[in-house]
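Encoded as structure tokens, the structure appears first; notes follow it.
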Amino acid sequence: MKTRVFTLLASSYFLLSCANPSIRPLQSQGNPNLRPGIQSQSVPQGIETAVNPERMAAYLATFTGIRPLAPNTLIPERGTVQGRELTRQFLTQTLTELGYKVERHEYRRNAANIMVRLMADTPSDEYILVGAHMDSVRNAGADDNASGSTAVLEAATVLRELKGRKVNLIFAWFDEEELGLVGSRHLARELRTQGLKINSVHAIDMMGFDGDGDHALELARPDGVLWDYYKMVNQTHKLNLPLDRTNTGRSDHVSFHDEGYDSLCISEEFTNGDSTPHYHRRSDTYETVSQSFLVAGTQLIVATVGDLSLKVPAPVNIQMVPHDRFPSREREFHDSYDNLPHD
Ligand SMILES: [Zn+2]
């Protein structure tokens, strides 16, 4: 399989080098959609090169209360009713500016998922869903899970530029994961009830900590061809990240798996000893996130979802191996957002 070649139109974002985007100070306090220029040449590389570290840093900073979403308006936490509504306000505002029609999936009072659809260039009834939980345990929740929320927002930003898509995309931000996958369970059930044909679901949870700097990702419970597909794209797009397979459940991928959809979760090394020491603590803040790791993981997800949307074939001769052959580590749920442990 050769690396695919894409042509990005003149409206494309200026492509920044992602070789070493170490944590950098924020450049701007203005519009959250940083569009640092126009590139008119065609780009003989994959769509993942459009992933923009500075824009992602701005998204992450807004989710974590560092950067205002409007004058004098910060998101200090994403666990209270007010904090989660501010998060939806930021998502709605940003996605609307990108040209999306935002769908609010209010499954009960004061609880709602946000989603948008990016329709294929050729009409299709098939979908791929990319999602992350937007709530936190009433902390800044930078790693858990502003990192995933940022990755999905960046994917929604750049995959618009990919031409020739044959499958529709849904980008979703789930509410109340920390209370027991509540938002994603409601959304998965709703989409199943609608009879929506979803080929695969890519959940991103805690993809921001990389203590040893190896950029290794864990892929949890990859159904069907997903494990082999990620490994293939990792090579064909020359990203070459260390990938580990695990059997970790209790994140939003399980909600969709349980409704019969092929799914997986992408995260830092949650099982393999390189996960945030700030887990569910007030110290899970913006500065603790490895931005180069978050960018690298986002590039792999954008490249993979991009190829899936173009219907690049999966590798042949895949051997399906049961999930329980791989290590797992459970995550905690909170009975209510009031149970945040105090440091
Ligand atoms: Zn959590």
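Quick note on naming: the chains in the structure tokens go A, B, ... in the order shown, residues restart at 1 in each chain, and ligands are numbered from 1 in order of appearance.
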
Under the rule of at most 10 Å, produce a per-residue listing of chain A near ligand 1: chain, number, name, the closest pair of atoms, and the distance in Å, as a tab-separated table, using only C-alpha atoms and all ligand atoms.
```
residue	atom	partner	partner_atom_place_in_ligand_line	distance
A:His133	CA	ligand 1	1 (Zn)	9.0
A:Asp135	CA	ligand 1	1 (Zn)	8.5
A:Ser136	CA	ligand 1	1 (Zn)	6.4
A:Val137	CA	ligand 1	1 (Zn)	6.7
A:Gly141	CA	ligand 1	1 (Zn)	7.9
A:Asp143	CA	ligand 1	1 (Zn)	8.8
A:Asp144	CA	ligand 1	1 (Zn)	5.3
A:Asn145	CA	ligand 1	1 (Zn)	7.0
A:Glu176	CA	ligand 1	1 (Zn)	9.9
A:Glu177	CA	ligand 1	1 (Zn)	7.5
A:Glu178	CA	ligand 1	1 (Zn)	5.5
A:Leu179	CA	ligand 1	1 (Zn)	9.1
A:Gly180	CA	ligand 1	1 (Zn)	9.8
A:Asp205	CA	ligand 1	1 (Zn)	8.2
A:Met206	CA	ligand 1	1 (Zn)	8.0
A:Arg250	CA	ligand 1	1 (Zn)	9.9
A:Ser251	CA	ligand 1	1 (Zn)	8.8
A:Tyr279	CA	ligand 1	1 (Zn)	7.0
A:His280	CA	ligand 1	1 (Zn)	6.0
A:Arg281	CA	ligand 1	1 (Zn)	9.6
A:Arg331	CA	ligand 1	1 (Zn)	7.3
A:Glu332	CA	ligand 1	1 (Zn)	6.9
A:Phe333	CA	ligand 1	1 (Zn)	7.1
A:His334	CA	ligand 1	1 (Zn)	8.6
```

Query raised in the report: Excluding same-chain residues fewer than 4 positions from Cys265 in chain A, what lies within 12 Å of it counting only C-alpha atoms, as a ChimeraX atom specification?
Result: /A:129-133,148,200-207,217-223,226-227,230,244-257,269-270,297,301

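Using only C-alpha atoms, the shortest contact distance between Asp121 in chain A and any of A:Leu159, A:Ala314, A:Ala61, A:Leu98 is found at A:Leu159.
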
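Interatomic distance, CA of Arg192 in chain A to CA of Tyr261 in chain A: 8.8 Å.
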
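Of the listed residues (A:Leu241, A:Leu118, A:Leu162, A:Ala146), A:Leu162 comes nearest to Asp307 in chain A; the distances count only C-alpha atoms.
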
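You will find CA of Leu153 in chain A at 15.7 Å from CA of Leu86 in chain A.
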
Requested in this report: Assign secondary structure with DSSP using the backbone only, and return the residues of range 99-224 of chain A in strand (DSSP E) as a count of residues only.
Outcome: 41

Query raised in the report: Just how far from CA of Arg109 in chain A is CA of Arg282 in chain A, in Å to one decimal?
Result: 26.9 Å

Query - Near-range 65-77 of chain A list (7 Å; only C-alpha atoms; drop same-chain fewer than 5 positions) as a ChimeraX atom specification - result: /A:29,83,86-87,90,136,138-140

Distance query Leu239 in chain A at most 8 Å, only C-alpha atoms, self and fewer than 3 positions along chain excluded, as a compact mmCIF listing (two decimals) with N, CA and C atoms, in the first residue's frame:
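out_32.txt, freshly written:
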```
# COMPACT_ATOMS: atom_id res chain seq x y z
N ASN A 234 -0.65 3.63 10.29
CA ASN A 234 0.54 4.09 11.02
C ASN A 234 1.80 3.93 10.16
N GLN A 235 1.81 2.86 9.35
CA GLN A 235 2.96 2.62 8.46
C GLN A 235 2.84 3.39 7.15
N THR A 236 1.67 3.28 6.49
CA THR A 236 1.56 3.87 5.15
C THR A 236 1.67 5.40 5.20
N ALA A 296 0.55 14.09 17.82
CA ALA A 296 0.90 12.85 17.11
C ALA A 296 -0.29 11.88 17.10
N LEU A 300 -2.58 10.42 13.82
CA LEU A 300 -2.89 9.02 13.49
C LEU A 300 -4.40 8.83 13.32
```

Report task. Pull the helix (DSSP H, G or I) assignments for range 35-197 of chain A out of DSSP run on the backbone, and list those residues as an MDAnalysis selection string. Result -> chainID A and resid 47:50 53:63 81:97 142:161 177:179 182:193

Requested in this report: Could you tell me which of A:Glu48, A:Glu154, A:Pro123, A:Leu60 comes closest to Leu95 in chain A if we count only C-alpha atoms?
Outcome: A:Glu154
